[in-house]
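Some notes on the structure that comes next.
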Amino acid sequence: MSDTPTAGRRIALGVAYRGTGYRGWQSQPDGRTVQDHLEQALSSFAAQPVHTLCAGRTDAGVHGLNQVVHLDAPVAREPFSWVRGTNRYLPSDIAVQWCRPVGDDFHARASARGRRYRYVLLESPVRPAIEVGQCGWVFRPLDGEAMQAAAAHLIGEHDFSSFRAADCQALSPVKTLRGLQVSRRGAYWRFDFDASAFVYHMVRNIMGCLLQVGQGHKPPQWMAEVLAGRSRQAAAPTFPADGLYFVGPYYDARHEIPDHTPAQDWLP
């Protein structure tokens with residue numbers, strides 16, 4: 001595959017962003033979204049309108065480490081030019097990480113084999129300061145083994161209606177959760193989610209339930225009861241978005257899409 005995109009050729013971009021100051025990914029009339037800023041920057045660089053399609057729309061306050069988008073390039077530019085040229089027009093909390101020419105059959109959303117999220121949580125008697133907006137917070141001690149045991153009930157293909165927001169637009173609540181790993185480094189907990197796809201607020205609603213178990217309010221098997229209930233009323237309240245990161249999608253190797261950005265090394 002040639003490294004030089006020609007006008008009309010499809011390209012993929014990896015985008016990282018801090019979601020704190022934005023109303024999520026998807027374009028809104030007021031322009032206060034990540035997509036709005038990205039498309040404005042791309043259009044300024046290309047000197048004509050540019051529209052993108054993403055791998056997974058993130059909610060207000062959710063951060064992106066490797067959001068993948070594709071577009072049909074209106075002008076011929078080297079991959080590094082798309083990165084540096086677009087970043088000139090972006091705010092400091094959004095940055096294109098890489099650019100790759102892809103085949104016409106590549107679609108950022110439809111070609112994805114799965115998606116990964118990470119939730120970073122501070123366990124401390126004192127609220128966060130330096131990392132405010134970048135992590136969730138609990139002040140009660142957590143039981144990691146109990147949370148991992150609860151998480152095991154969710155692995156596999158299930159109806160995740162109990163963890164689905166009322167305004168979710170997904171065609172089906174049935175998804176396959178391939179992995180949910182709980183780990184700790186110092187005062188920080190990390191929850192790694194890997195699934196075929198996610199329903200709206202799925203990770204944050206699962207987090208609410210995991211913390212009920214971790215704090216001893218519910219036993220691990222309660223998670224299976226919540227799942228079987230297929231009702232949002234069966235689960236815990238939605239946990240805040242502060243510590244939620246869209247790690248990114250992954251694809252068949254033939255597409256040659258990077259699945260890692262430097263920010264992933266920065267997180268606990």
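Chains: A, B, ... in order of the structure tokens. Residues: from 1 per chain. Ligands: from 1, in order shown.
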Any idea what's packed within 8 Å of A:His107, counting only C-alpha atoms, ignoring anything in its chain fewer than 3 positions away? Could you give it as a PDB file with N, CA and C atoms, in the first residue's frame?
```
ATOM      1  N   LEU A  53     -16.169   9.850   9.819  1.00  0.00           N
ATOM      2  CA  LEU A  53     -16.955   8.820  10.506  1.00  0.00           C
ATOM      3  C   LEU A  53     -16.044   8.153  11.527  1.00  0.00           C
ATOM      4  N   HIS A  70     -12.379   7.721   9.680  1.00  0.00           N
ATOM      5  CA  HIS A  70     -11.949   7.655   8.289  1.00  0.00           C
ATOM      6  C   HIS A  70     -12.612   8.769   7.502  1.00  0.00           C
ATOM      7  N   ALA A 110     -17.796   0.069  11.011  1.00  0.00           N
ATOM      8  CA  ALA A 110     -18.256  -1.249  10.571  1.00  0.00           C
ATOM      9  C   ALA A 110     -17.137  -2.268  10.478  1.00  0.00           C
ATOM     10  N   SER A 111     -15.899  -1.835  10.246  1.00  0.00           N
ATOM     11  CA  SER A 111     -14.780  -2.779  10.109  1.00  0.00           C
ATOM     12  C   SER A 111     -14.190  -3.194  11.454  1.00  0.00           C
ATOM     13  N   ALA A 112     -14.573  -2.519  12.527  1.00  0.00           N
ATOM     14  CA  ALA A 112     -13.990  -2.817  13.841  1.00  0.00           C
ATOM     15  C   ALA A 112     -14.415  -4.198  14.329  1.00  0.00           C
TER      16      ALA A 112
END
```
**Asked** Would you give me, as a ChimeraX atom specification, the residues in stretch 76-215 of chain A that DSSP reads as helix (DSSP H, G or I)?
**Response** /A:79-87,144-152,161-163,202-214
**Request:** Can you check which residues of stretch 13-138 of chain A DSSP gives as strand (DSSP E) on the backbone and send them as JSON, numbers by chain?
**Result:** {"A": [13, 14, 15, 16, 17, 53, 54, 63, 64, 65, 66, 67, 68, 69, 70, 71, 72, 94, 95, 96, 97, 98, 99, 100, 101, 114, 115, 116, 117, 118, 119, 120, 121, 122, 123, 136, 137, 138]}
Could you dump the residues just selected with N, CA and C atoms as a compact mmCIF listing (two decimals), in the first residue's frame?
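Final output, again-v9.txt:
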```txt
# COMPACT_ATOMS: atom_id res chain seq x y z
N LEU A 13 -7.45 8.14 10.51
CA LEU A 13 -6.71 8.94 11.48
C LEU A 13 -6.97 8.40 12.88
N GLY A 14 -5.97 8.49 13.73
CA GLY A 14 -6.13 8.20 15.15
C GLY A 14 -6.14 9.51 15.92
N VAL A 15 -7.13 9.71 16.76
CA VAL A 15 -7.30 10.98 17.47
C VAL A 15 -7.35 10.74 18.97
N ALA A 16 -6.58 11.53 19.72
CA ALA A 16 -6.61 11.50 21.17
C ALA A 16 -7.19 12.81 21.67
N TYR A 17 -7.95 12.74 22.77
CA TYR A 17 -8.55 13.97 23.29
C TYR A 17 -8.92 13.82 24.76
N LEU A 53 -16.17 9.85 9.82
CA LEU A 53 -16.95 8.82 10.51
C LEU A 53 -16.04 8.15 11.53
N CYS A 54 -16.55 7.96 12.75
CA CYS A 54 -15.70 7.46 13.83
C CYS A 54 -16.03 6.01 14.18
N HIS A 63 -12.88 10.54 27.72
CA HIS A 63 -11.64 10.82 27.02
C HIS A 63 -11.37 9.77 25.93
N GLY A 64 -10.58 10.15 24.93
CA GLY A 64 -10.23 9.24 23.85
C GLY A 64 -8.73 9.08 23.73
N LEU A 65 -8.25 7.86 23.69
CA LEU A 65 -6.82 7.60 23.52
C LEU A 65 -6.46 7.29 22.08
N ASN A 66 -7.36 6.59 21.38
CA ASN A 66 -7.10 6.24 19.99
C ASN A 66 -8.42 6.11 19.25
N GLN A 67 -9.18 7.19 19.24
CA GLN A 67 -10.41 7.21 18.44
C GLN A 67 -10.01 7.13 16.97
N VAL A 68 -10.58 6.21 16.24
CA VAL A 68 -10.26 6.04 14.83
C VAL A 68 -11.38 6.62 13.97
N VAL A 69 -10.99 7.44 13.00
CA VAL A 69 -11.95 8.00 12.05
C VAL A 69 -11.45 7.72 10.63
N HIS A 70 -12.38 7.72 9.68
CA HIS A 70 -11.95 7.65 8.29
C HIS A 70 -12.61 8.77 7.50
N LEU A 71 -11.98 9.14 6.39
CA LEU A 71 -12.50 10.16 5.49
C LEU A 71 -11.94 9.90 4.11
N ASP A 72 -12.62 10.39 3.12
CA ASP A 72 -12.13 10.33 1.75
C ASP A 72 -11.42 11.64 1.45
N ILE A 94 -6.93 18.23 22.00
CA ILE A 94 -7.27 17.30 20.93
C ILE A 94 -6.06 17.23 19.99
N ALA A 95 -5.64 16.01 19.61
CA ALA A 95 -4.50 15.90 18.70
C ALA A 95 -4.61 14.64 17.86
N VAL A 96 -4.41 14.79 16.56
CA VAL A 96 -4.29 13.63 15.67
C VAL A 96 -2.95 12.95 15.97
N GLN A 97 -2.99 11.63 16.14
CA GLN A 97 -1.81 10.87 16.52
C GLN A 97 -1.10 10.21 15.34
N TRP A 98 -1.87 9.81 14.33
CA TRP A 98 -1.30 9.11 13.18
C TRP A 98 -2.27 9.20 12.01
N CYS A 99 -1.77 8.89 10.83
CA CYS A 99 -2.59 8.84 9.61
C CYS A 99 -2.14 7.64 8.79
N ARG A 100 -3.09 6.91 8.24
CA ARG A 100 -2.79 5.76 7.39
C ARG A 100 -3.71 5.76 6.17
N PRO A 101 -3.16 5.57 4.96
CA PRO A 101 -4.02 5.28 3.81
C PRO A 101 -4.67 3.90 4.01
N GLY A 114 -13.76 -5.08 17.46
CA GLY A 114 -14.09 -4.88 18.86
C GLY A 114 -13.63 -3.51 19.31
N ARG A 115 -13.95 -3.18 20.56
CA ARG A 115 -13.61 -1.88 21.13
C ARG A 115 -13.17 -2.08 22.57
N ARG A 116 -12.30 -1.19 23.03
CA ARG A 116 -11.78 -1.30 24.39
C ARG A 116 -11.98 0.03 25.13
N TYR A 117 -12.37 -0.09 26.38
CA TYR A 117 -12.47 1.05 27.29
C TYR A 117 -11.66 0.76 28.54
N ARG A 118 -11.24 1.82 29.20
CA ARG A 118 -10.55 1.70 30.48
C ARG A 118 -11.14 2.73 31.45
N TYR A 119 -11.38 2.29 32.67
CA TYR A 119 -11.81 3.22 33.71
C TYR A 119 -10.71 3.29 34.76
N VAL A 120 -10.27 4.51 35.08
CA VAL A 120 -9.25 4.74 36.09
C VAL A 120 -9.91 5.34 37.32
N LEU A 121 -9.66 4.73 38.46
CA LEU A 121 -10.36 5.10 39.70
C LEU A 121 -9.37 5.31 40.83
N LEU A 122 -9.50 6.42 41.51
CA LEU A 122 -8.68 6.71 42.69
C LEU A 122 -9.41 6.26 43.95
N GLU A 123 -8.73 5.44 44.76
CA GLU A 123 -9.23 5.08 46.09
C GLU A 123 -8.44 5.87 47.12
N GLY A 136 -12.02 8.62 38.25
CA GLY A 136 -13.12 8.55 39.20
C GLY A 136 -12.57 8.53 40.62
N TRP A 137 -13.44 8.56 41.60
CA TRP A 137 -12.98 8.62 42.99
C TRP A 137 -13.93 7.89 43.91
N VAL A 138 -13.37 7.08 44.82
CA VAL A 138 -14.10 6.50 45.94
C VAL A 138 -13.24 6.69 47.19
```
**Asked** Which residue, A:His153, A:Arg23, A:His217, A:His51, has the smallest gap to A:Arg10 when you use only C-alpha atoms?
**Response** A:His51
**Asked** Which one is closest to A:Pro173: A:Trp189, A:Phe80, A:Tyr89, A:Tyr200? Count only C-alpha atoms.
**Response**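 Closest residue, counting only C-alpha atoms: A:Tyr200.
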**Request:** Quick one: pull the distance between atom CA of A:Asp252 and atom CA of A:Ala73, Å, one decimal.
**Result:**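 These two atoms are separated by 22.3 Å.
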**Request:** Kindly indicate which residue among A:Gly56, A:Pro74, A:Gly216, A:Gly186 lies nearest to A:Ala7, using only C-alpha atoms for the distances.
**Result:** A:Pro74
**Asked** In Å to one decimal, how far is atom CA of A:Arg230 from atom CA of A:Gln212?
**Response**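 Answer for the atom CA of A:Gln212 to atom CA of A:Arg230 separation: 18.1 Å.
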**Request:** Could you check which of A:His260, A:Asp105, A:Glu145, A:Pro29 is closest to A:Ser183, using only C-alpha atoms?
**Result:**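 Of all the options, A:Glu145 lies closest to A:Ser183.
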**Neighbour list for stretch 125-128 of chain A as number ranges by chain, cut-off 7 Å, only C-alpha atoms, skip fewer than 2 positions in-chain** = A: 130-132, 137, 139
**Message:** Restricting the calculation to only C-alpha atoms: of A:Asp93, A:Glu157, A:Asp192, A:Asp36, which residue gets closest to A:Leu227?
**Reply:**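 Nearest candidate to A:Leu227 out of A:Asp93, A:Glu157, A:Asp192, A:Asp36: A:Glu157.
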**Message:** Let me make sure I understand: among A:Ala241, A:Ala151, A:Leu210, A:Met202, which one has the smallest atom-to-atom distance to A:Val174 if we use only C-alpha atoms?
**Reply:**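 The closest residue to A:Val174 is A:Met202.
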